[in-house]
Amino acid sequence: MQNEQALEEFFRAFKISLNLAALYSKDHPYFLKSIDELKIKTDQALQTSPSIKISVTPTALLFNGNPFEKAGGTAEISTLLHLRKIKNLEIKRGVSLKDLSIFLSSICLKPKEIFRSGGINKIIEKEGLSNLAAEELDYSSLLKDVGEEVKDIWVFLLKEAVEKQDMHKVALLAETFPEIVKKFKASDLFEDEELHDNIGKFFEFLKKTQSEKFVQCQKAILGAVLREKKLSPDYSLDKVKDLFRDLSEEELANSLLEEVVTNEDFDSNNFNLFLKLTKENEHQKIASAFGQRFKNSSISKANIHKRVQDLFTVPENSYLSQVYRNSLSEILGGIKFSDQAVFDQAALRQNYRLILIGLLATESAQDKLEIISKRISEELKGVTESRDWEYLKSLASALSQQLQKSPQSTGALKPINLKLADFCDNLVWSEEDAPQEMEYFIDNLDSPSKDIQFYLEKIFSENKINAMGLKMFIKFFPQQMNIFYERLKEQNGNLKLISSIIEAAKSLKGGAALEILKHIYNISNKLMQVEALKAMQSFPVAEASFLLPVISGNDAFLKKEAFPILRKDPDSLNKALELLFSVKSPWGTKNNLLISNIELVEELGIREAKGFIAQLAQRKFFWNSSLRSRAQRLLERWHD
C-alpha cells in the first residue's frame, strides 16, 4: 500500500517536470533540476509498492480507480497524456534518472511527432525504458475529442487504419471524416504532404470497401477546398483534384448546389475556384445537372435569384460562367444573364465601401447616419474576413471624427461598434498570436462584445492568452482585476499559462501589465519570478518600492534580473547599491554575501558601484582579508 503523502508529492513533482519539459529542452538546468526532484519523490513513492499505476481519462488521473485530486492540477496532466493516446501509465521500481528524463521529454513532443515515431510504446521500446510501460487508447476514445489537437491524432489514425486494414477503425474514421476535415484549412491539403498522402491512401481503401462513404468523404474534401477565399498561386490544383477525381458530374453538381444554398459566404471567387478544380469538358453536364437539381429542390427561387446572378458572373472564366447561366436562365424566370455587362465586382464593392466611409465622416443628420451605419455594418463581415486593415483603419478614423464632431451620434454608430468589437473578440481568441494591427482597433473600442466570464474562460480554462487579449481584458474590465488575480493565484502551478501571461504583459508595457507581473512574482516559484523580472526589464520605468526588497534578499538570480530595471533610474540604482553593500558583517560573518554582491556588479558591469567597492577594499582586520582582496581586484579591472 503506497503512502498517500509520498504519492501526493510524486504527483506534484511529476506535474512540475511535465510543465518544464513543455517549456525547455531536456538539457536545460531548470528541467534537469526538476527531474532530480522527481526521481527522489518517485523512489519514495515506490518504497512500499513495486510500481505506480496511473489511469488516464480526458479530464482526470485515476489511481486505484479513483481520481487523485490532492496534488491539484492533475487535469492538465491528464489532458496532455490523453491527447498522446496514453490510457494507462506504469512507473516501476528501479526507474532511473535517465529513464524519467527521456520519457518526460518524449511525451511533451507534439502529438504528430509522437505518432510519426509509432506511438509512445514504440518510443519506450526504442529507448529501452524497461521500467516504464504505457497502454495506448483505442480509436473510439480519441475520435470523441473536439479540440484542434484531434487533427494531429486523426492524420496518423488514418494511416494506421489503412496499413492494418482494420475495417472497424476505417468505418469510425469515415463516419467522422466530414466533421474533422472542417478543422483543416484548404492550404493544409496543399502544404502537408503527409496529410495529403494519408487521405489519398484512405480514399483508395474506402473506394474498394465502402463506396457510399467514399463519395461522402470526397465531397467533404471538395467542400473544404471550396470554402477557401484565397489560395496561393504557388499551389498546384492538380494535386488536390486527385482527392475527388472520382466524383461524377451529378455529384459535383450536388456539391456545388449545397455550397450555393447553405454557405452564405460562397461568392463568385469560390465559384471561380470550382471552375478551376473541375475539367472543362465536364461543365456542360455539371451545369445541366445543377440546373435540374435546382429546379427540383424546395429552395425558394425568389430569395436566391440575385445571388445566383452574382455568382455566375466570373470575368476571367466568362465562357464557363455562360454555360451555367444558360442552364439556369429558364429556371430563374427568364433572367438574361448573357445580356448583362460583366463588371469588376471587387472594385465596385471596394468603391462602395469607401463612399460609405466618406458619408459616415461628414453626415450630420442622425436619421441618415443610422442608415449609413447599418449599411457599413452589413459590409463588415466581408471586410473583416479579408483582413482589409487599411479599410478598417479608415473606418475607425471616420468613427472618431464623427464622434468628436457630434458626441450624440453614439447610438447611431452602435451597429458598427458592435461588429468591430465582435471582430476583435473573435480574432484575438481564435489565433495564438493576434495580429499587431488589432491594437489600433482595441484602443478605439468603447466596449467588448463578450462578458467577463467569456474572457476568464478563454484565459484560465482554455489556456488561451496573447498580448491583444490581455490588453482587451485590462481595458474593458479594470474594476474586476481582483477576479483576474484570484484566478491567477489558483493557476500558479500552471507554468505554461503563467509564462504566456508574462509574455503578453511584457508586450503591453503599461501600468496594469506591470501590476500583473508583480502579482505573478508574489505568487510564483523562483523560475517564474525570474521570468517576471526579465519581462519588467522592457518597461520604461523602475519601481523601486517593489524591486528594492529583491535586492535586500539573498537570491543572486533574482538580484541579477532586478538590477537592469533599477539602472533606468539613477536614484533607484544608488539606493539598491546601498542595500547591496551596507550589509553588516561583524567578525566577517557576512563577507561571503558581500563577495557574492561584488561578483554580481562585476558581471553586470555596474561601475556606479565603484565608490562602494572602494570602501570595502579599505576594511580593516584580518577576517576581512578575502573581502578586501576581492574588492581590490575589481577596482584594478575597472581602473581607467
# chains A, B, ... in the order shown; residues from 1 in each chain; ligands from 1
$ select_by_dssp --residues "segment 73-266 of chain A" --states "alpha helix (DSSP H)" --output "VMD selection string"
chain A and resid 74 to 82 97 to 107 111 to 116 120 to 127 139 to 142 150 to 164 167 to 181 186 to 191 193 to 209 211 to 226 237 to 241 249 to 262
$ residues_around --residues "segment 613-630 of chain A" --least-positions-apart "4" --cutoff "12 Å" --atoms "only C-alpha atoms" --output "PDB file with N, CA and C atoms, in the first residue's frame"
ATOM      1  N   LEU A 577      22.317  49.890  -4.598  1.00  0.00           N
ATOM      2  CA  LEU A 577      23.724  49.629  -4.286  1.00  0.00           C
ATOM      3  C   LEU A 577      24.002  49.814  -2.797  1.00  0.00           C
ATOM      4  N   GLU A 578      23.338  50.792  -2.188  1.00  0.00           N
ATOM      5  CA  GLU A 578      23.484  50.975  -0.743  1.00  0.00           C
ATOM      6  C   GLU A 578      23.021  49.729   0.008  1.00  0.00           C
ATOM      7  N   LEU A 580      22.905  46.743  -1.187  1.00  0.00           N
ATOM      8  CA  LEU A 580      23.763  45.618  -1.558  1.00  0.00           C
ATOM      9  C   LEU A 580      25.047  45.596  -0.717  1.00  0.00           C
ATOM     10  N   PHE A 581      25.586  46.793  -0.450  1.00  0.00           N
ATOM     11  CA  PHE A 581      26.907  46.840   0.194  1.00  0.00           C
ATOM     12  C   PHE A 581      26.901  47.418   1.618  1.00  0.00           C
ATOM     13  N   SER A 582      25.695  47.678   2.155  1.00  0.00           N
ATOM     14  CA  SER A 582      25.628  48.160   3.546  1.00  0.00           C
ATOM     15  C   SER A 582      25.327  47.014   4.503  1.00  0.00           C
ATOM     16  N   VAL A 583      25.542  45.799   4.044  1.00  0.00           N
ATOM     17  CA  VAL A 583      25.288  44.613   4.871  1.00  0.00           C
ATOM     18  C   VAL A 583      26.247  44.603   6.064  1.00  0.00           C
ATOM     19  N   LYS A 584      25.717  44.510   7.257  1.00  0.00           N
ATOM     20  CA  LYS A 584      26.549  44.422   8.458  1.00  0.00           C
ATOM     21  C   LYS A 584      27.223  43.054   8.504  1.00  0.00           C
ATOM     22  N   SER A 585      28.530  43.077   8.764  1.00  0.00           N
ATOM     23  CA  SER A 585      29.276  41.807   8.757  1.00  0.00           C
ATOM     24  C   SER A 585      30.222  41.732   9.958  1.00  0.00           C
ATOM     25  N   PRO A 586      29.666  41.618  11.159  1.00  0.00           N
ATOM     26  CA  PRO A 586      30.528  41.537  12.352  1.00  0.00           C
ATOM     27  C   PRO A 586      31.403  40.286  12.326  1.00  0.00           C
ATOM     28  N   TRP A 587      32.708  40.506  12.546  1.00  0.00           N
ATOM     29  CA  TRP A 587      33.680  39.402  12.533  1.00  0.00           C
ATOM     30  C   TRP A 587      33.705  38.663  11.176  1.00  0.00           C
ATOM     31  N   GLY A 588      33.241  39.359  10.122  1.00  0.00           N
ATOM     32  CA  GLY A 588      33.288  38.775   8.770  1.00  0.00           C
ATOM     33  C   GLY A 588      32.223  37.732   8.498  1.00  0.00           C
ATOM     34  N   THR A 589      31.166  37.700   9.337  1.00  0.00           N
ATOM     35  CA  THR A 589      30.150  36.645   9.200  1.00  0.00           C
ATOM     36  C   THR A 589      29.349  36.754   7.896  1.00  0.00           C
ATOM     37  N   LYS A 590      29.289  37.953   7.302  1.00  0.00           N
ATOM     38  CA  LYS A 590      28.520  38.136   6.075  1.00  0.00           C
ATOM     39  C   LYS A 590      29.416  38.442   4.868  1.00  0.00           C
ATOM     40  N   ASN A 591      30.701  38.162   5.031  1.00  0.00           N
ATOM     41  CA  ASN A 591      31.631  38.503   3.944  1.00  0.00           C
ATOM     42  C   ASN A 591      31.376  37.713   2.667  1.00  0.00           C
ATOM     43  N   ASN A 592      30.929  36.460   2.798  1.00  0.00           N
ATOM     44  CA  ASN A 592      30.634  35.670   1.595  1.00  0.00           C
ATOM     45  C   ASN A 592      29.507  36.310   0.783  1.00  0.00           C
ATOM     46  N   LEU A 593      28.511  36.862   1.483  1.00  0.00           N
ATOM     47  CA  LEU A 593      27.417  37.548   0.796  1.00  0.00           C
ATOM     48  C   LEU A 593      27.930  38.814   0.112  1.00  0.00           C
ATOM     49  N   LEU A 594      28.796  39.575   0.794  1.00  0.00           N
ATOM     50  CA  LEU A 594      29.345  40.792   0.200  1.00  0.00           C
ATOM     51  C   LEU A 594      30.206  40.470  -1.023  1.00  0.00           C
ATOM     52  N   ILE A 595      30.977  39.393  -0.933  1.00  0.00           N
ATOM     53  CA  ILE A 595      31.795  38.979  -2.094  1.00  0.00           C
ATOM     54  C   ILE A 595      30.896  38.579  -3.257  1.00  0.00           C
ATOM     55  N   SER A 596      29.812  37.865  -2.932  1.00  0.00           N
ATOM     56  CA  SER A 596      28.844  37.495  -3.971  1.00  0.00           C
ATOM     57  C   SER A 596      28.247  38.741  -4.628  1.00  0.00           C
ATOM     58  N   ASN A 597      27.993  39.763  -3.827  1.00  0.00           N
ATOM     59  CA  ASN A 597      27.443  41.012  -4.367  1.00  0.00           C
ATOM     60  C   ASN A 597      28.461  41.745  -5.243  1.00  0.00           C
ATOM     61  N   ILE A 598      29.736  41.681  -4.849  1.00  0.00           N
ATOM     62  CA  ILE A 598      30.805  42.265  -5.684  1.00  0.00           C
ATOM     63  C   ILE A 598      30.830  41.574  -7.050  1.00  0.00           C
ATOM     64  N   GLU A 599      30.764  40.241  -7.030  1.00  0.00           N
ATOM     65  CA  GLU A 599      30.787  39.477  -8.286  1.00  0.00           C
ATOM     66  C   GLU A 599      29.572  39.798  -9.150  1.00  0.00           C
ATOM     67  N   LEU A 600      28.448  40.078  -8.495  1.00  0.00           N
ATOM     68  CA  LEU A 600      27.227  40.413  -9.236  1.00  0.00           C
ATOM     69  C   LEU A 600      27.395  41.729 -10.003  1.00  0.00           C
ATOM     70  N   VAL A 601      27.870  42.785  -9.325  1.00  0.00           N
ATOM     71  CA  VAL A 601      28.018  44.074 -10.018  1.00  0.00           C
ATOM     72  C   VAL A 601      29.110  44.005 -11.073  1.00  0.00           C
ATOM     73  N   GLU A 602      30.115  43.150 -10.836  1.00  0.00           N
ATOM     74  CA  GLU A 602      31.156  42.978 -11.852  1.00  0.00           C
ATOM     75  C   GLU A 602      30.577  42.323 -13.105  1.00  0.00           C
ATOM     76  N   ILE A 606      28.204  47.155 -13.484  1.00  0.00           N
ATOM     77  CA  ILE A 606      27.614  48.322 -12.817  1.00  0.00           C
ATOM     78  C   ILE A 606      28.741  49.147 -12.185  1.00  0.00           C
ATOM     79  N   ARG A 607      29.375  49.993 -12.972  1.00  0.00           N
ATOM     80  CA  ARG A 607      30.504  50.782 -12.488  1.00  0.00           C
ATOM     81  C   ARG A 607      30.073  51.866 -11.518  1.00  0.00           C
ATOM     82  N   GLU A 608      28.748  52.117 -11.467  1.00  0.00           N
ATOM     83  CA  GLU A 608      28.252  53.069 -10.476  1.00  0.00           C
ATOM     84  C   GLU A 608      28.531  52.580  -9.052  1.00  0.00           C
ATOM     85  N   ALA A 609      28.903  51.320  -8.891  1.00  0.00           N
ATOM     86  CA  ALA A 609      29.184  50.747  -7.571  1.00  0.00           C
ATOM     87  C   ALA A 609      30.630  50.975  -7.131  1.00  0.00           C
ATOM     88  N   LEU A 634      38.634  43.895  -8.329  1.00  0.00           N
ATOM     89  CA  LEU A 634      37.633  44.521  -9.207  1.00  0.00           C
ATOM     90  C   LEU A 634      38.014  45.966  -9.512  1.00  0.00           C
ATOM     91  N   LEU A 635      38.511  46.696  -8.515  1.00  0.00           N
ATOM     92  CA  LEU A 635      38.918  48.089  -8.749  1.00  0.00           C
ATOM     93  C   LEU A 635      40.053  48.157  -9.769  1.00  0.00           C
ATOM     94  N   GLU A 636      40.947  47.181  -9.731  1.00  0.00           N
ATOM     95  CA  GLU A 636      42.046  47.136 -10.699  1.00  0.00           C
ATOM     96  C   GLU A 636      41.510  46.921 -12.112  1.00  0.00           C
ATOM     97  N   ARG A 637      40.519  46.032 -12.246  1.00  0.00           N
ATOM     98  CA  ARG A 637      39.923  45.786 -13.572  1.00  0.00           C
ATOM     99  C   ARG A 637      39.194  47.020 -14.085  1.00  0.00           C
ATOM    100  N   TRP A 638      38.576  47.744 -13.166  1.00  0.00           N
ATOM    101  CA  TRP A 638      37.809  48.926 -13.558  1.00  0.00           C
ATOM    102  C   TRP A 638      38.674  50.183 -13.665  1.00  0.00           C
ATOM    103  N   HIS A 639      39.982  50.044 -13.396  1.00  0.00           N
ATOM    104  CA  HIS A 639      40.860  51.218 -13.428  1.00  0.00           C
ATOM    105  C   HIS A 639      40.945  51.748 -14.858  1.00  0.00           C
TER     106      HIS A 639
END
$ closest_residue --among "A:Glu379, A:Ser397, A:Asn272, A:Ser500" --to "Arg349 of chain A" --atoms "only C-alpha atoms"
A:Glu379
$ closest_residue --among "A:Arg353, A:Lys164, A:Lys41, A:Lys15" --to "Cys108 of chain A" --atoms "only C-alpha atoms"
A:Lys15
$ atom_distance --atom1 "atom CA of Gln218 of chain A" --atom2 "atom CA of Ser117 of chain A"
28.5 Å
$ residues_around --residues "Gly118 of chain A" --least-positions-apart "4" --cutoff "12 Å" --atoms "only C-alpha atoms" --output "list in words"
Arg84, Lys85, Pro111, Lys112, Glu113, Ile114, Lys122, Ile123, Ile124, Glu125, Lys126, Glu136, Ile153, Phe156, Leu157, Lys159 and Glu160 of chain A
$ decode --residues "segment 206-240 of chain A" --atoms "C-alpha atoms" --output "PDB file, in the first residue's frame"
ATOM      1  CA  LEU A 206     -12.558   3.242 -48.872  1.00  0.00           C
ATOM      2  CA  LYS A 207     -13.333   3.097 -52.606  1.00  0.00           C
ATOM      3  CA  LYS A 208     -12.892  -0.673 -52.559  1.00  0.00           C
ATOM      4  CA  THR A 209     -14.737  -1.333 -49.315  1.00  0.00           C
ATOM      5  CA  GLN A 210     -17.403   1.362 -48.655  1.00  0.00           C
ATOM      6  CA  SER A 211     -18.384   3.162 -51.855  1.00  0.00           C
ATOM      7  CA  GLU A 212     -21.123   5.289 -50.267  1.00  0.00           C
ATOM      8  CA  LYS A 213     -18.822   6.605 -47.531  1.00  0.00           C
ATOM      9  CA  PHE A 214     -16.152   7.110 -50.168  1.00  0.00           C
ATOM     10  CA  VAL A 215     -18.381   9.557 -52.070  1.00  0.00           C
ATOM     11  CA  GLN A 216     -19.336  11.417 -48.861  1.00  0.00           C
ATOM     12  CA  CYS A 217     -15.700  11.840 -47.857  1.00  0.00           C
ATOM     13  CA  GLN A 218     -14.649  13.064 -51.299  1.00  0.00           C
ATOM     14  CA  LYS A 219     -17.463  15.618 -51.241  1.00  0.00           C
ATOM     15  CA  ALA A 220     -16.303  16.760 -47.806  1.00  0.00           C
ATOM     16  CA  ILE A 221     -12.806  17.414 -49.179  1.00  0.00           C
ATOM     17  CA  LEU A 222     -14.245  19.348 -52.135  1.00  0.00           C
ATOM     18  CA  GLY A 223     -16.380  21.430 -49.751  1.00  0.00           C
ATOM     19  CA  ALA A 224     -13.340  22.213 -47.570  1.00  0.00           C
ATOM     20  CA  VAL A 225     -11.390  23.471 -50.586  1.00  0.00           C
ATOM     21  CA  LEU A 226     -14.323  25.479 -51.966  1.00  0.00           C
ATOM     22  CA  ARG A 227     -14.679  27.356 -48.690  1.00  0.00           C
ATOM     23  CA  GLU A 228     -11.211  28.843 -49.167  1.00  0.00           C
ATOM     24  CA  LYS A 229     -11.248  32.512 -50.179  1.00  0.00           C
ATOM     25  CA  LYS A 230      -7.685  32.959 -51.366  1.00  0.00           C
ATOM     26  CA  LEU A 231      -5.318  30.212 -52.382  1.00  0.00           C
ATOM     27  CA  SER A 232      -1.680  30.949 -53.080  1.00  0.00           C
ATOM     28  CA  PRO A 233      -0.886  30.947 -56.840  1.00  0.00           C
ATOM     29  CA  ASP A 234       2.037  28.659 -55.955  1.00  0.00           C
ATOM     30  CA  TYR A 235      -0.328  25.772 -55.161  1.00  0.00           C
ATOM     31  CA  SER A 236      -0.824  23.114 -57.786  1.00  0.00           C
ATOM     32  CA  LEU A 237      -4.561  22.491 -58.064  1.00  0.00           C
ATOM     33  CA  ASP A 238      -3.917  19.170 -59.800  1.00  0.00           C
ATOM     34  CA  LYS A 239      -2.566  17.813 -56.518  1.00  0.00           C
ATOM     35  CA  VAL A 240      -5.872  18.342 -54.712  1.00  0.00           C
TER      36      VAL A 240
END
